[in-house]
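What follows is a single structure, written as structure tokens, with notes after it.
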Amino acid sequence: MTESYTVSLQKEQLVFSAAHFITFAGDVCERLHGHNYGVIADVTGPLDENQYVVDFIALRDGLQNIVSELDHHMLLPTQHPLIHVERRENEVHVDFRGEKRWVFPAEDCLLLPIVNTTAELLARYIGKKLLATLSAIPLTEIRIGVDENNGQWAWWRAELTERL
């Protein structure tokens, strides 16, 4: 018999409001809009000396810090081949193929090292940041869910065999 232990965390306060736009169908850029996102985390690993995978408070606080960082920002992808994002002093200039241009106050933007601001890639971004926060814990798997519209969930999962 193989056993594993998983801890799930979904709290009412693990939400963030943010604006974004995505591209799809290769070269179509949708309109700027926003969501009230929800986040859930599942982490799997061995039990520690206290007989738990991770302290719920450490998991909650780590995830809350990431969610708070995303809250009330314009989320911009910095690795998209057709979207050019450039910070200039107190502004962020964004250009999509010369067809659409935006200028935002820099303090309102969060420049993310992702290709597109989809819920899937936001889940991955959150998961990797959470893993860095929990780096001392020997987790074997992580799963992050991001809900962008009351029931429209995207999930990212990673097996962490190299952390054992």
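Ordering of the structure tokens sets the chain letters (A, B, ...); residue numbers start at 1 within each chain; ligands are numbered from 1 in the order shown.
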So which bits of chain A end up helix (DSSP H, G or I) when you DSSP the backbone, as an NGL selection string?
:A and (56-70 or 106-108 or 119-133 or 161-163)
Leaving out A:Glu89 and any residue of its chain fewer than 3 positions from it, which residues lie within 10 Å of it when counting only C-alpha atoms, given as a compact mmCIF listing (two decimals) with N, CA, C and O atoms, in the first residue's frame?
# COMPACT_ATOMS: atom_id res chain seq x y z
N GLU A 86 7.01 47.78 -22.13
CA GLU A 86 8.20 48.56 -21.79
C GLU A 86 7.88 49.54 -20.67
O GLU A 86 6.95 50.34 -20.78
N VAL A 92 4.04 52.42 -18.02
CA VAL A 92 4.29 51.18 -18.76
C VAL A 92 3.58 51.33 -20.10
O VAL A 92 2.37 51.59 -20.15
N PRO A 105 -0.14 53.77 -15.66
CA PRO A 105 0.78 54.17 -14.59
C PRO A 105 1.55 52.93 -14.13
O PRO A 105 0.97 51.86 -13.93
N ALA A 106 2.85 53.06 -13.98
CA ALA A 106 3.69 51.91 -13.61
C ALA A 106 3.24 51.29 -12.30
O ALA A 106 3.26 50.07 -12.15
What is the distance, in Å and to one decimal place, between atom CA of A:His33 and atom CA of A:Leu9?
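Here the two named atoms are 27.5 Å from each other.
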Rows by chain and residue number, stretch 127-153 of chain A within 9 Å of stretch 108-120 of chain A, shortest pair, only C-alpha atoms, as CSV:
residue,atom,partner,partner_atom,distance
A:Gly145,CA,A:Glu120,CA,8.2
A:Val146,CA,A:Ala119,CA,5.9
A:Asp147,CA,A:Ala119,CA,7.3
A:Glu148,CA,A:Ala119,CA,6.6
A:Trp153,CA,A:Ala119,CA,7.6
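The nearest approach to A:Asn65 among the residues A:Thr2, A:Gln13, A:Ser8, A:Gln152, with only C-alpha atoms taken into account, belongs to A:Gln13.
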